[in-house]
Structures are given as structure tokens and as C-alpha cells.
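Notes to accompany the following structure.
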Amino acid sequence: MNDRCDVVYVSVEADGEERLLTAPAGATLRDVLLDAGQSPYTRLTERLNCGGRGLCATCGVRIEGDVPEPTHWHDGLASRWGYPRLSCRIRLESDLRVRIPEKVIWGRRTGADGLP
């Protein structure tokens, strides 16, 4: 019987700061980030998301270094086209380096003069 709990290390870069997290192997990246106060969401999508079911694509993160193989159709497309990967679809099996990108919420953007 193995009494040892396997852990992985997750280096997270967000808002210009870097933190090192430990997590149990097999946990989802989204859950680990939320538990550590490193939300992959924006203020709006913090409450309006699919709850980690891989449906809304609002928990995207950039993975640096060894990138885990996608296991979900959306994550596969994101990986193929270079978009952020869904943190809810990434199971932590080995150490990982993650960057939480600055996100733009859908809607109108304003130009330099303040006009849409």
C-alpha cells in the first residue's frame, strides 16, 4: 500500500507576479487555481461560467514549457491554433508553468478618443 501523496508544482504568473503552488496529482488546474486565489476568470466570468464543464471557454490560461496533451475537443482546437487552454480540462500529472493572460470581456471597446 502506498501512503505517499503525489504532488505536482504549478508555477503561476498573473498580474506581473509569480507564485508556486503545490497540488495533488490528478487535480484539475482550474480547481487548484481557484483554491489558491489565482482565478483564471475575469470579474464578470467569475460568476458567469460553466462550473468547469468545458463549455464556456472563460477559464483559459497559457501553458509554458511541456504542454499536456488535450483531452477535450475545445482544448484540442485551442492547442492547435495557439489560443489559451481551458484550465478546467487540464489534469495535473506533472509540474506545470502557467500564465493567466489579461482577458478582454466581450462587448464594445473604446478607441483612444473615448468613442466606440
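By order in the C-alpha cells, chains are A, B, ...; within a chain, residues start at 1; ligands start at 1, following the order shown.
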Which residues of stretch 81-106 of chain A have any atom within 9 Å of an atom in stretch 4-8 of chain A when counting only C-alpha atoms, and what is the closest pair of atoms for each, with the distance in Å to one decimal? Order the rows by chain and rising number and write it as a tab-separated table.
residue	atom	partner	partner_atom	distance
A:Leu92	CA	A:Val8	CA	6.9
A:Glu93	CA	A:Val8	CA	7.0
A:Ser94	CA	A:Val8	CA	5.6
A:Asp95	CA	A:Val8	CA	5.0
A:Leu96	CA	A:Val8	CA	7.8
Go ahead and write the residues just picked, C-alpha atoms, as a short mmCIF file (atom, residue, chain, number, x, y, z; two decimals), in the first residue's frame.
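This went into out15.cif:
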data_model
loop_
_atom_site.label_atom_id
_atom_site.label_comp_id
_atom_site.auth_asym_id
_atom_site.auth_seq_id
_atom_site.Cartn_x
_atom_site.Cartn_y
_atom_site.Cartn_z
CA LEU A 92 -2.21 17.91 -13.30
CA GLU A 93 0.04 14.90 -13.86
CA SER A 94 3.42 16.68 -13.83
CA ASP A 95 4.88 20.06 -12.89
CA LEU A 96 3.48 22.92 -14.94
#
I'd like the neighbourhood of stretch 26-35 of chain A as a PyMOL selection string, where a residue qualifies if any of its atoms comes within 7 Å (using only C-alpha atoms), though same-chain residues fewer than 2 positions away should be ignored.
chain A and resi 23-24+37-39+87-93
Run DSSP on the backbone and tell me which residues of chain A come out as alpha helix (DSSP H); list them as a list in words.
Leu29, Arg30, Asp31, Val32, Leu33, Leu34, Asp35, Trp73, His74, Asp75, Gly76, Leu77, Ala78, Ser79, Arg80 and Trp81 of chain A
Residue subset to file, keeping N, CA and C atoms, as a PDB file, in the first residue's frame:
ATOM      1  N   LEU A  29      -6.507  21.843 -13.048  1.00  0.00           N
ATOM      2  CA  LEU A  29      -5.810  23.113 -12.894  1.00  0.00           C
ATOM      3  C   LEU A  29      -6.761  24.211 -12.429  1.00  0.00           C
ATOM      4  N   ARG A  30      -7.972  24.252 -12.977  1.00  0.00           N
ATOM      5  CA  ARG A  30      -8.953  25.273 -12.587  1.00  0.00           C
ATOM      6  C   ARG A  30      -9.207  25.242 -11.082  1.00  0.00           C
ATOM      7  N   ASP A  31      -9.447  24.060 -10.535  1.00  0.00           N
ATOM      8  CA  ASP A  31      -9.742  23.941  -9.104  1.00  0.00           C
ATOM      9  C   ASP A  31      -8.554  24.362  -8.251  1.00  0.00           C
ATOM     10  N   VAL A  32      -7.352  23.986  -8.678  1.00  0.00           N
ATOM     11  CA  VAL A  32      -6.146  24.358  -7.935  1.00  0.00           C
ATOM     12  C   VAL A  32      -5.966  25.873  -7.951  1.00  0.00           C
ATOM     13  N   LEU A  33      -6.166  26.501  -9.116  1.00  0.00           N
ATOM     14  CA  LEU A  33      -6.033  27.952  -9.210  1.00  0.00           C
ATOM     15  C   LEU A  33      -7.055  28.657  -8.320  1.00  0.00           C
ATOM     16  N   LEU A  34      -8.309  28.220  -8.374  1.00  0.00           N
ATOM     17  CA  LEU A  34      -9.350  28.844  -7.553  1.00  0.00           C
ATOM     18  C   LEU A  34      -9.062  28.677  -6.065  1.00  0.00           C
ATOM     19  N   ASP A  35      -8.645  27.480  -5.650  1.00  0.00           N
ATOM     20  CA  ASP A  35      -8.333  27.237  -4.237  1.00  0.00           C
ATOM     21  C   ASP A  35      -7.191  28.114  -3.740  1.00  0.00           C
ATOM     22  N   TRP A  73     -12.355  18.400 -26.921  1.00  0.00           N
ATOM     23  CA  TRP A  73     -12.371  18.939 -28.288  1.00  0.00           C
ATOM     24  C   TRP A  73     -12.015  20.424 -28.335  1.00  0.00           C
ATOM     25  N   HIS A  74     -12.559  21.218 -27.405  1.00  0.00           N
ATOM     26  CA  HIS A  74     -12.274  22.655 -27.418  1.00  0.00           C
ATOM     27  C   HIS A  74     -10.810  22.898 -27.092  1.00  0.00           C
ATOM     28  N   ASP A  75     -10.305  22.171 -26.119  1.00  0.00           N
ATOM     29  CA  ASP A  75      -8.916  22.318 -25.721  1.00  0.00           C
ATOM     30  C   ASP A  75      -7.983  21.891 -26.852  1.00  0.00           C
ATOM     31  N   GLY A  76      -8.400  20.889 -27.606  1.00  0.00           N
ATOM     32  CA  GLY A  76      -7.613  20.456 -28.757  1.00  0.00           C
ATOM     33  C   GLY A  76      -7.518  21.541 -29.810  1.00  0.00           C
ATOM     34  N   LEU A  77      -8.642  22.203 -30.089  1.00  0.00           N
ATOM     35  CA  LEU A  77      -8.630  23.307 -31.057  1.00  0.00           C
ATOM     36  C   LEU A  77      -7.791  24.472 -30.542  1.00  0.00           C
ATOM     37  N   ALA A  78      -7.932  24.790 -29.261  1.00  0.00           N
ATOM     38  CA  ALA A  78      -7.156  25.885 -28.672  1.00  0.00           C
ATOM     39  C   ALA A  78      -5.659  25.596 -28.801  1.00  0.00           C
ATOM     40  N   SER A  79      -5.274  24.374 -28.513  1.00  0.00           N
ATOM     41  CA  SER A  79      -3.871  23.991 -28.615  1.00  0.00           C
ATOM     42  C   SER A  79      -3.391  24.093 -30.058  1.00  0.00           C
ATOM     43  N   ARG A  80      -4.211  23.635 -30.969  1.00  0.00           N
ATOM     44  CA  ARG A  80      -3.841  23.636 -32.384  1.00  0.00           C
ATOM     45  C   ARG A  80      -3.662  25.045 -32.940  1.00  0.00           C
ATOM     46  N   TRP A  81      -4.514  25.973 -32.525  1.00  0.00           N
ATOM     47  CA  TRP A  81      -4.495  27.327 -33.066  1.00  0.00           C
ATOM     48  C   TRP A  81      -3.776  28.335 -32.173  1.00  0.00           C
TER      49      TRP A  81
END
Atomic separation - atom CA of A:Glu17 relative to atom CA of A:Tyr41, Å:
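Interatomic distance, atom CA of A:Tyr41 to atom CA of A:Glu17: 16.5 Å.
Between atom CA of A:Gly82 and atom CA of A:Arg62 the interatomic distance comes to 9.0 Å.
Excluding A:Ala57 and any residue on its chain fewer than 4 positions from it, the residues at most 9 Å away by only C-alpha atoms are Asn49, Cys50, His74, Asp75, Pro84, Arg85 and Leu86 of chain A.
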Just the selected residues (C-alpha atoms), exported as a compact mmCIF listing (two decimals), in the first residue's frame, please.
# COMPACT_ATOMS: atom_id res chain seq x y z
CA ASN A 49 -19.16 30.37 -16.12
CA CYS A 50 -19.98 26.73 -16.74
CA HIS A 74 -12.27 22.66 -27.42
CA ASP A 75 -8.92 22.32 -25.72
CA PRO A 84 -5.38 29.79 -24.25
CA ARG A 85 -6.05 26.29 -22.95
CA LEU A 86 -9.04 25.58 -20.71
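Across the structure, atom CA of A:Cys56 and atom CA of A:Tyr9 are spaced 26.5 Å apart.
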For A:Gly52, the nearest of the candidates A:Gly16, A:Pro40, A:Pro101, A:Ala25, counting only C-alpha atoms
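Among the listed residues, A:Pro40 lies closest to A:Gly52.
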Please, which residues of stretch 24-89 of chain A, numbered as in this document, come out strand (DSSP E) from DSSP, as a list in words?
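Output for stretch 24-89 of chain A, strand (DSSP E) only: Pro24, Gly60, Val61, Arg62, Ile63, Glu64, Arg85 and Leu86 of chain A.
Within 6 Å of A:Val12, once only C-alpha atoms are used and residues closer than 3 positions along the same chain are dropped, the contacting residues are Glu18, Arg19, Val98 and Arg99 of chain A.
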File dump, residues just selected, N, CA and C atoms, as a PDB file, in the first residue's frame:
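Everything below was put into result.pdb:
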ATOM      1  N   GLU A  18       4.627  36.115  -9.698  1.00  0.00           N
ATOM      2  CA  GLU A  18       4.715  34.679  -9.878  1.00  0.00           C
ATOM      3  C   GLU A  18       4.581  33.981  -8.527  1.00  0.00           C
ATOM      4  N   ARG A  19       3.787  32.915  -8.504  1.00  0.00           N
ATOM      5  CA  ARG A  19       3.584  32.120  -7.284  1.00  0.00           C
ATOM      6  C   ARG A  19       3.820  30.657  -7.607  1.00  0.00           C
ATOM      7  N   VAL A  98       2.324  28.098 -15.772  1.00  0.00           N
ATOM      8  CA  VAL A  98       1.082  28.668 -16.307  1.00  0.00           C
ATOM      9  C   VAL A  98       1.119  30.184 -16.219  1.00  0.00           C
ATOM     10  N   ARG A  99       0.590  30.822 -17.247  1.00  0.00           N
ATOM     11  CA  ARG A  99       0.414  32.276 -17.214  1.00  0.00           C
ATOM     12  C   ARG A  99      -1.071  32.559 -17.406  1.00  0.00           C
TER      13      ARG A  99
END
